[in-house]
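Novice: Quick one: the structure is below, questions incoming.
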Amino acid sequence: MSAVCTWRRALFGAIAYGACAGGIASAQAILPPSLELRVPKAPTLGTAESGSFLTYELHVTNFSGQPMTLKSVDVLSGDATLFTLADSALTQSIARPGQTVPASDRAKIAGGTRAVVYLWVPVDARSAPASIRNRVKVEQGTGDSTRTQELEGAVVSVLRMGSDIGPPLRGGTWLAGNGPSARSGHRRALIPIGGAPSIAQRFAIDWVRVNDTDSTYSGDRLKNENYIAEGNDALAVANGRVVAVKDGLPENVPGVSSRAVPITLETVGGNHVIIDIGGGRYAFYAHLKPGAILVKVGDTVKKGQVIGLVGNTGNSTEPHLHFHISDGNSPLGSEGVPYGLDSFEIVGRCRTFNIGCTRETPKTRRGEIPLESVLVRFP
Ligand SMILES: [Zn+2]
């Protein structure tokens, strides 16, 4: 019964056929790698200054007891390879939830563990694919028994954005802090809520307002009123209905570690408003000033209406508006989706946050999402 032996062994550890008593062949068992490939949130085609993109995560879980090393990820559409991640670009795109792994080892997935690959795939909007597939190449074993295999995951539909929205703020200059990019803190915030990990903040922006010298405040940096963002109007980005309001949390003293209240799931977003803007999209405004929210749950709002004032409440270091759109009425337990703004101007950009900023001739952008660290003027 060498065939049974082989199959059982193969099932429990992908051991070589030849290792079984009465082995029938010297070839290695050709079984697919024992991996789960999953895209928890199908990408929505987005567009920014740099072009159109598909932004999503590929979860790669090793169901075997042996380590596997991810060598490459190909993004396929039909017969075409749209994008390939390999080498250092791949390791820099991998996170290892719950594990502390140096960047150089992130592609090595120990038995029973997971790697999350963060993809930002440039595509041509005029011929964007209706669906994609992911193909991974993995290496297993050591020395002479090293083998490389490929595995292709399920077809994933590409979703389309809803209609463009209006700006969440007026005027400027505003800096798109921690804004959309492959590696921003928001993008990587994979948080399990209610038993399902999701990235509500996938396209979130922390809007801070800067002056001519790119500072976010003048005078005493410990006073909220000295920050240019403080007290600015936060605007409804579309017609909609208010589905969540939190108010009453006091403002923090500006600073990296100063928080007026313990940070919990309830307080992390500070005083906030969520507006259902239709089409399965929810606009989230966080860290608002206490006692200044002008809407209540159930209110209908008009695009451009003032809903509250920018403040410094919840998990916030200085007055700013954290704004994102996601697919559910939950600040963190939903999936972030891209959006296009009707119109805004890019007036400069910074290397990071408000460091290394340069100004440039203003350019009007339409139907795009601002990317990380651009300086923006809204109508
Ligand atoms: Zn934020």
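A note on labels: chains of the structure tokens are A, B, ... as shown, every chain counts residues from 1, and ligands are counted from 1 in their shown order.
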Mind running chain A against ligand 1 at 6 Å and telling me each contacting residue's nearest atom pair with the distance in Å (one decimal), counting only C-alpha atoms and all ligand atoms, chain and number ascending, as CSV?
Specialist:
```
residue,atom,partner,partner_atom_place_in_ligand_line,distance
A:Ile205,CA,ligand 1,1 (Zn),6.0
A:Asp206,CA,ligand 1,1 (Zn),4.7
A:His322,CA,ligand 1,1 (Zn),4.5
```
Novice: Could you list, as a PyMOL selection string, every residue within 9 Å of A:Pro197, counting only C-alpha atoms and ignoring same-chain residues fewer than 3 positions away?
Specialist: chain A and resi 40+190-194+333-334
Novice: Selected residues, all heavy atoms, written as a short mmCIF file (atom, residue, chain, number, x, y, z; two decimals), in the first residue's frame, please.
Specialist:
```cif
data_model
loop_
_atom_site.label_atom_id
_atom_site.label_comp_id
_atom_site.auth_asym_id
_atom_site.auth_seq_id
_atom_site.Cartn_x
_atom_site.Cartn_y
_atom_site.Cartn_z
N PRO A 40 -8.68 40.21 1.80
CA PRO A 40 -9.88 40.45 2.61
C PRO A 40 -10.77 41.55 2.05
O PRO A 40 -11.99 41.49 2.21
CB PRO A 40 -9.32 40.87 3.98
CG PRO A 40 -7.91 40.42 3.98
CD PRO A 40 -7.45 40.45 2.55
N LEU A 190 -3.72 47.65 10.46
CA LEU A 190 -4.59 46.46 10.35
C LEU A 190 -5.03 46.09 11.76
O LEU A 190 -4.20 45.67 12.57
CB LEU A 190 -3.80 45.33 9.70
CG LEU A 190 -4.49 43.97 9.57
CD1 LEU A 190 -5.69 44.06 8.66
CD2 LEU A 190 -3.50 42.94 9.05
N ILE A 191 -6.31 46.27 12.05
CA ILE A 191 -6.79 46.14 13.43
C ILE A 191 -7.99 45.19 13.47
O ILE A 191 -8.98 45.43 12.80
CB ILE A 191 -7.20 47.53 13.99
CG1 ILE A 191 -6.01 48.50 13.93
CG2 ILE A 191 -7.73 47.41 15.41
CD1 ILE A 191 -6.37 49.94 14.24
N PRO A 192 -7.89 44.12 14.26
CA PRO A 192 -9.06 43.24 14.39
C PRO A 192 -10.10 43.88 15.32
O PRO A 192 -9.79 44.24 16.45
CB PRO A 192 -8.50 41.96 15.01
CG PRO A 192 -7.01 42.12 15.02
CD PRO A 192 -6.73 43.59 14.98
N ILE A 193 -11.30 44.03 14.81
CA ILE A 193 -12.43 44.53 15.60
C ILE A 193 -13.55 43.51 15.42
O ILE A 193 -13.90 43.17 14.28
CB ILE A 193 -12.92 45.90 15.10
CG1 ILE A 193 -11.80 46.95 15.13
CG2 ILE A 193 -14.14 46.37 15.89
CD1 ILE A 193 -11.45 47.50 16.48
N GLY A 194 -14.10 43.03 16.51
CA GLY A 194 -15.21 42.07 16.40
C GLY A 194 -14.82 40.81 15.65
O GLY A 194 -15.64 40.22 14.95
N GLY A 333 -13.70 49.38 12.60
CA GLY A 333 -14.16 48.07 12.16
C GLY A 333 -14.84 48.14 10.80
O GLY A 333 -15.98 47.68 10.63
N SER A 334 -14.16 48.70 9.82
CA SER A 334 -14.69 48.80 8.46
C SER A 334 -13.47 48.87 7.54
O SER A 334 -12.35 48.92 8.01
CB SER A 334 -15.59 50.03 8.31
OG SER A 334 -14.89 51.22 8.70
#
```
Novice: Could you produce a table of the residues of stretch 292-311 of chain A lying within 12 Å of stretch 164-188 of chain A, with the nearest pair of atoms per residue and their separation in Å rounded to one decimal, using only C-alpha atoms, ordered by chain and increasing residue number, as CSV?
Specialist:
```
residue,atom,partner,partner_atom,distance
A:Lys302,CA,A:Gly166,CA,10.7
A:Lys303,CA,A:Gly166,CA,6.9
A:Gly304,CA,A:Gly166,CA,7.1
A:Gln305,CA,A:Pro168,CA,9.7
A:Val306,CA,A:Leu169,CA,9.2
A:Ile307,CA,A:Pro168,CA,9.8
A:Gly308,CA,A:Leu169,CA,10.7
A:Leu309,CA,A:Leu169,CA,9.8
A:Val310,CA,A:Leu169,CA,9.3
```
Novice: Just to confirm, what's the straight-line distance from atom CA of A:Lys223 to atom CA of A:Ser258 in Å (one decimal)?
Specialist: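 Result for atom CA of A:Lys223 versus atom CA of A:Ser258: 12.3 Å, one decimal.
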Novice: Using only C-alpha atoms, which of A:Val347, A:Ala95, A:Ile132, A:Leu58 sits nearest A:Val75?
Specialist: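 Ranking A:Val347, A:Ala95, A:Ile132, A:Leu58 by distance to A:Val75, first place goes to A:Ile132.
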Novice: How far is it from atom CA of A:Arg202 to atom CA of A:Gly336, in Å with one decimal?
Specialist: 4.9 Å
Novice: Let me make sure I understand: among A:Ser127, A:Asn329, A:Thr313, A:Ser373, which one has the smallest atom-to-atom distance to A:Arg349 if we use only C-alpha atoms?
Specialist: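 Answer, going by the shortest atom-to-atom distance: A:Ser373.
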Novice: Going by DSSP on the backbone, which residues of stretch 88-292 of chain A come out as helix (DSSP H, G or I)? List them as a list in words.
Specialist: Ser88, Ala89, Leu90, Thr91, Ala103, Ser104, Asp105, Ala125, Arg126, Ser127, Gly143, Asp144, Ser145, Asn224, Glu225 and Asn226 of chain A
Novice: For those residues, write C-alpha atoms to a file as a tab-separated table (two decimals), in the first residue's frame.
Specialist:
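Wrote it out as result29.tsv, contents follow:
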```
chain	number	residue	atom	x	y	z
A	88	SER	CA	13.71	44.45	-1.21
A	89	ALA	CA	10.52	45.98	-2.63
A	90	LEU	CA	8.74	42.82	-1.49
A	91	THR	CA	10.25	42.67	2.01
A	103	ALA	CA	12.79	43.67	7.55
A	104	SER	CA	15.33	41.33	5.97
A	105	ASP	CA	13.49	38.26	7.33
A	125	ALA	CA	-7.43	54.05	-15.67
A	126	ARG	CA	-8.52	53.82	-19.34
A	127	SER	CA	-7.87	50.09	-19.43
A	143	GLY	CA	20.19	22.53	0.63
A	144	ASP	CA	19.49	19.88	-2.00
A	145	SER	CA	15.85	19.58	-0.94
A	224	ASN	CA	-4.34	74.38	21.17
A	225	GLU	CA	-5.47	77.89	20.20
A	226	ASN	CA	-1.97	78.58	18.83
```
Novice: Please measure the separation of atom CA of A:Leu54 and atom CA of A:Gly162, giving the value in Å to one decimal.
Specialist: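 Atom CA of A:Leu54 sits 15.1 Å away from atom CA of A:Gly162.
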Novice: Which residue is closest to A:Gly314? Choose from A:Glu36, A:Glu230, A:Asp327, A:Asp247 and count only C-alpha atoms.
Specialist: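 The answer is A:Asp247, which sits nearest to A:Gly314.
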Novice: Using 10 Å as the limit and counting only C-alpha atoms, can you tabulate each residue of stretch 162-236 of chain A that touches stretch 354-360 of chain A, with its shortest atom-to-atom distance in Å and the two atoms involved, as CSV?
Specialist:
```
residue,atom,partner,partner_atom,distance
A:Leu175,CA,A:Asn354,CA,7.4
A:Ala176,CA,A:Asn354,CA,9.4
A:Gly177,CA,A:Asn354,CA,7.9
A:Val208,CA,A:Asn354,CA,9.0
A:Arg209,CA,A:Asn354,CA,9.7
A:Val210,CA,A:Asn354,CA,8.0
A:Asp212,CA,A:Arg359,CA,9.5
A:Thr213,CA,A:Cys357,CA,9.0
A:Asp214,CA,A:Asn354,CA,6.1
A:Ser215,CA,A:Asn354,CA,7.0
A:Thr216,CA,A:Asn354,CA,8.0
```
Novice: Point out the residue among A:Leu294, A:Ser330, A:Arg38, A:Ala236 with the least atom-to-atom distance to A:Gly269, counting only C-alpha atoms.
Specialist: A:Ser330
Novice: So that I can check the secondary structure, give me every residue of stretch 45-200 of chain A assigned strand (DSSP E) by backbone DSSP, as number ranges by chain.
Specialist: A: 46-48, 51-62, 68-77, 80-86, 94-95, 108-109, 114-123, 131-140, 147-152, 156-157, 174-177, 191-193, 196-198
Novice: Mind checking which residues fall within 8 Å of A:Glu139, counting only C-alpha atoms, ignoring those fewer than 4 positions away in the same chain, and posting them as an NGL selection string?
Specialist: :A and (68-71 or 146-149)
Novice: Go ahead and save the picked residues with N, CA, C and O atoms, as a compact mmCIF listing (two decimals), in the first residue's frame.
Specialist:
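As a result, out_21.txt now contains:
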```txt
# COMPACT_ATOMS: atom_id res chain seq x y z
N MET A 68 8.31 28.81 4.94
CA MET A 68 8.34 29.07 3.49
C MET A 68 8.81 30.50 3.30
O MET A 68 8.45 31.38 4.08
N THR A 69 9.57 30.72 2.26
CA THR A 69 10.03 32.08 1.97
C THR A 69 9.34 32.59 0.71
O THR A 69 9.38 31.95 -0.34
N LEU A 70 8.69 33.73 0.89
CA LEU A 70 8.00 34.36 -0.23
C LEU A 70 9.06 35.00 -1.13
O LEU A 70 9.84 35.86 -0.68
N LYS A 71 9.12 34.59 -2.39
CA LYS A 71 10.13 35.11 -3.31
C LYS A 71 9.58 36.22 -4.20
O LYS A 71 10.30 37.12 -4.60
N THR A 146 15.81 21.97 -1.40
CA THR A 146 15.13 23.25 -1.63
C THR A 146 14.27 23.15 -2.88
O THR A 146 14.70 22.63 -3.90
N ARG A 147 13.04 23.59 -2.78
CA ARG A 147 12.19 23.61 -3.97
C ARG A 147 11.40 24.93 -4.01
O ARG A 147 11.09 25.51 -2.98
N THR A 148 11.12 25.34 -5.21
CA THR A 148 10.37 26.58 -5.42
C THR A 148 9.07 26.23 -6.12
O THR A 148 9.06 25.45 -7.07
N GLN A 149 7.98 26.76 -5.62
CA GLN A 149 6.68 26.48 -6.22
C GLN A 149 5.90 27.78 -6.37
O GLN A 149 6.15 28.77 -5.67
```
Novice: Go through A:Ala107, A:Ala200, A:Val121, A:Val101 and flag the residue nearest A:Ala86, using only C-alpha atoms for the distances.
Specialist: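 Looking only at the distances to A:Ala86, the closest residue turns out to be A:Ala107.
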Novice: For A:Gly279, which residue among A:Leu249, A:Ile228, A:Val337, A:Ala292 is the nearest when counting only C-alpha atoms?
Specialist: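 Between A:Leu249, A:Ile228, A:Val337, A:Ala292, the residue approaching A:Gly279 most closely is A:Val337.
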Novice: Please identify all polymer residues within 9 Å of A:Glu345, counting only C-alpha atoms, omitting same-chain residues fewer than 3 positions from it, and present them as an MDAnalysis selection string.
Specialist: chainID A and resid 362:366 375:379
Novice: Could you dump the residues just selected with all heavy atoms as a PDB file, in the first residue's frame?
Specialist:
```
ATOM      1  N   PRO A 362       0.781  76.445  -8.033  1.00  0.00           N
ATOM      2  CA  PRO A 362      -0.442  75.686  -7.746  1.00  0.00           C
ATOM      3  C   PRO A 362      -0.986  74.985  -8.991  1.00  0.00           C
ATOM      4  O   PRO A 362      -1.007  75.565 -10.083  1.00  0.00           O
ATOM      5  CB  PRO A 362      -1.409  76.760  -7.247  1.00  0.00           C
ATOM      6  CG  PRO A 362      -0.528  77.842  -6.708  1.00  0.00           C
ATOM      7  CD  PRO A 362       0.684  77.844  -7.600  1.00  0.00           C
ATOM      8  N   LYS A 363      -1.392  73.743  -8.801  1.00  0.00           N
ATOM      9  CA  LYS A 363      -1.989  72.956  -9.890  1.00  0.00           C
ATOM     10  C   LYS A 363      -3.348  72.459  -9.417  1.00  0.00           C
ATOM     11  O   LYS A 363      -3.452  71.856  -8.348  1.00  0.00           O
ATOM     12  CB  LYS A 363      -1.124  71.732 -10.218  1.00  0.00           C
ATOM     13  CG  LYS A 363       0.149  72.032 -10.986  1.00  0.00           C
ATOM     14  CD  LYS A 363       0.792  70.739 -11.492  1.00  0.00           C
ATOM     15  CE  LYS A 363       1.151  69.743 -10.415  1.00  0.00           C
ATOM     16  NZ  LYS A 363       2.326  70.090  -9.623  1.00  0.00           N
ATOM     17  N   THR A 364      -4.372  72.696 -10.219  1.00  0.00           N
ATOM     18  CA  THR A 364      -5.702  72.217  -9.859  1.00  0.00           C
ATOM     19  C   THR A 364      -5.816  70.729 -10.187  1.00  0.00           C
ATOM     20  O   THR A 364      -5.412  70.291 -11.269  1.00  0.00           O
ATOM     21  CB  THR A 364      -6.777  73.010 -10.629  1.00  0.00           C
ATOM     22  OG1 THR A 364      -6.647  74.386 -10.269  1.00  0.00           O
ATOM     23  CG2 THR A 364      -8.181  72.528 -10.277  1.00  0.00           C
ATOM     24  N   ARG A 365      -6.335  69.969  -9.254  1.00  0.00           N
ATOM     25  CA  ARG A 365      -6.546  68.530  -9.445  1.00  0.00           C
ATOM     26  C   ARG A 365      -8.040  68.250  -9.295  1.00  0.00           C
ATOM     27  O   ARG A 365      -8.694  68.823  -8.420  1.00  0.00           O
ATOM     28  CB  ARG A 365      -5.772  67.704  -8.406  1.00  0.00           C
ATOM     29  CG  ARG A 365      -4.346  68.115  -8.174  1.00  0.00           C
ATOM     30  CD  ARG A 365      -3.484  68.019  -9.397  1.00  0.00           C
ATOM     31  NE  ARG A 365      -3.473  66.698 -10.030  1.00  0.00           N
ATOM     32  CZ  ARG A 365      -2.687  66.396 -11.052  1.00  0.00           C
ATOM     33  NH1 ARG A 365      -1.867  67.315 -11.573  1.00  0.00           N
ATOM     34  NH2 ARG A 365      -2.731  65.192 -11.595  1.00  0.00           N
ATOM     35  N   ARG A 366      -8.545  67.376 -10.124  1.00  0.00           N
ATOM     36  CA  ARG A 366      -9.975  67.047 -10.061  1.00  0.00           C
ATOM     37  C   ARG A 366     -10.154  65.533 -10.042  1.00  0.00           C
ATOM     38  O   ARG A 366      -9.500  64.816 -10.797  1.00  0.00           O
ATOM     39  CB  ARG A 366     -10.716  67.618 -11.278  1.00  0.00           C
ATOM     40  CG  ARG A 366     -10.666  69.133 -11.349  1.00  0.00           C
ATOM     41  CD  ARG A 366     -11.539  69.655 -12.497  1.00  0.00           C
ATOM     42  NE  ARG A 366     -11.179  71.036 -12.833  1.00  0.00           N
ATOM     43  CZ  ARG A 366     -11.542  72.106 -12.129  1.00  0.00           C
ATOM     44  NH1 ARG A 366     -12.299  71.963 -11.058  1.00  0.00           N
ATOM     45  NH2 ARG A 366     -11.154  73.311 -12.494  1.00  0.00           N
ATOM     46  N   LEU A 375       0.905  69.461   0.006  1.00  0.00           N
ATOM     47  CA  LEU A 375       0.316  70.685   0.568  1.00  0.00           C
ATOM     48  C   LEU A 375      -0.832  71.092  -0.351  1.00  0.00           C
ATOM     49  O   LEU A 375      -0.662  71.150  -1.567  1.00  0.00           O
ATOM     50  CB  LEU A 375       1.363  71.797   0.659  1.00  0.00           C
ATOM     51  CG  LEU A 375       2.485  71.549   1.665  1.00  0.00           C
ATOM     52  CD1 LEU A 375       3.639  72.539   1.444  1.00  0.00           C
ATOM     53  CD2 LEU A 375       1.967  71.641   3.088  1.00  0.00           C
ATOM     54  N   VAL A 376      -1.975  71.336   0.244  1.00  0.00           N
ATOM     55  CA  VAL A 376      -3.213  71.480  -0.517  1.00  0.00           C
ATOM     56  C   VAL A 376      -3.907  72.786  -0.149  1.00  0.00           C
ATOM     57  O   VAL A 376      -3.864  73.216   1.004  1.00  0.00           O
ATOM     58  CB  VAL A 376      -4.143  70.270  -0.191  1.00  0.00           C
ATOM     59  CG1 VAL A 376      -5.582  70.545  -0.586  1.00  0.00           C
ATOM     60  CG2 VAL A 376      -3.627  69.011  -0.852  1.00  0.00           C
ATOM     61  N   ARG A 377      -4.520  73.390  -1.179  1.00  0.00           N
ATOM     62  CA  ARG A 377      -5.460  74.485  -0.903  1.00  0.00           C
ATOM     63  C   ARG A 377      -6.832  74.051  -1.409  1.00  0.00           C
ATOM     64  O   ARG A 377      -6.959  73.639  -2.566  1.00  0.00           O
ATOM     65  CB  ARG A 377      -4.997  75.767  -1.589  1.00  0.00           C
ATOM     66  CG  ARG A 377      -5.788  76.992  -1.148  1.00  0.00           C
ATOM     67  CD  ARG A 377      -5.026  78.281  -1.392  1.00  0.00           C
ATOM     68  NE  ARG A 377      -4.678  78.417  -2.816  1.00  0.00           N
ATOM     69  CZ  ARG A 377      -3.541  78.953  -3.248  1.00  0.00           C
ATOM     70  NH1 ARG A 377      -2.636  79.393  -2.404  1.00  0.00           N
ATOM     71  NH2 ARG A 377      -3.308  79.051  -4.543  1.00  0.00           N
ATOM     72  N   PHE A 378      -7.809  74.112  -0.539  1.00  0.00           N
ATOM     73  CA  PHE A 378      -9.180  73.759  -0.919  1.00  0.00           C
ATOM     74  C   PHE A 378      -9.916  75.016  -1.379  1.00  0.00           C
ATOM     75  O   PHE A 378      -9.516  76.139  -1.033  1.00  0.00           O
ATOM     76  CB  PHE A 378      -9.933  73.168   0.296  1.00  0.00           C
ATOM     77  CG  PHE A 378      -9.385  71.843   0.754  1.00  0.00           C
ATOM     78  CD1 PHE A 378      -8.823  71.713   2.016  1.00  0.00           C
ATOM     79  CD2 PHE A 378      -9.425  70.717  -0.065  1.00  0.00           C
ATOM     80  CE1 PHE A 378      -8.329  70.490   2.454  1.00  0.00           C
ATOM     81  CE2 PHE A 378      -8.933  69.493   0.360  1.00  0.00           C
ATOM     82  CZ  PHE A 378      -8.382  69.378   1.631  1.00  0.00           C
ATOM     83  N   PRO A 379     -10.990  74.833  -2.144  1.00  0.00           N
ATOM     84  CA  PRO A 379     -11.776  76.015  -2.558  1.00  0.00           C
ATOM     85  C   PRO A 379     -12.298  76.792  -1.345  1.00  0.00           C
ATOM     86  O   PRO A 379     -12.519  76.210  -0.303  1.00  0.00           O
ATOM     87  CB  PRO A 379     -12.943  75.389  -3.344  1.00  0.00           C
ATOM     88  CG  PRO A 379     -12.462  74.043  -3.761  1.00  0.00           C
ATOM     89  CD  PRO A 379     -11.506  73.594  -2.707  1.00  0.00           C
TER      90      PRO A 379
END
```
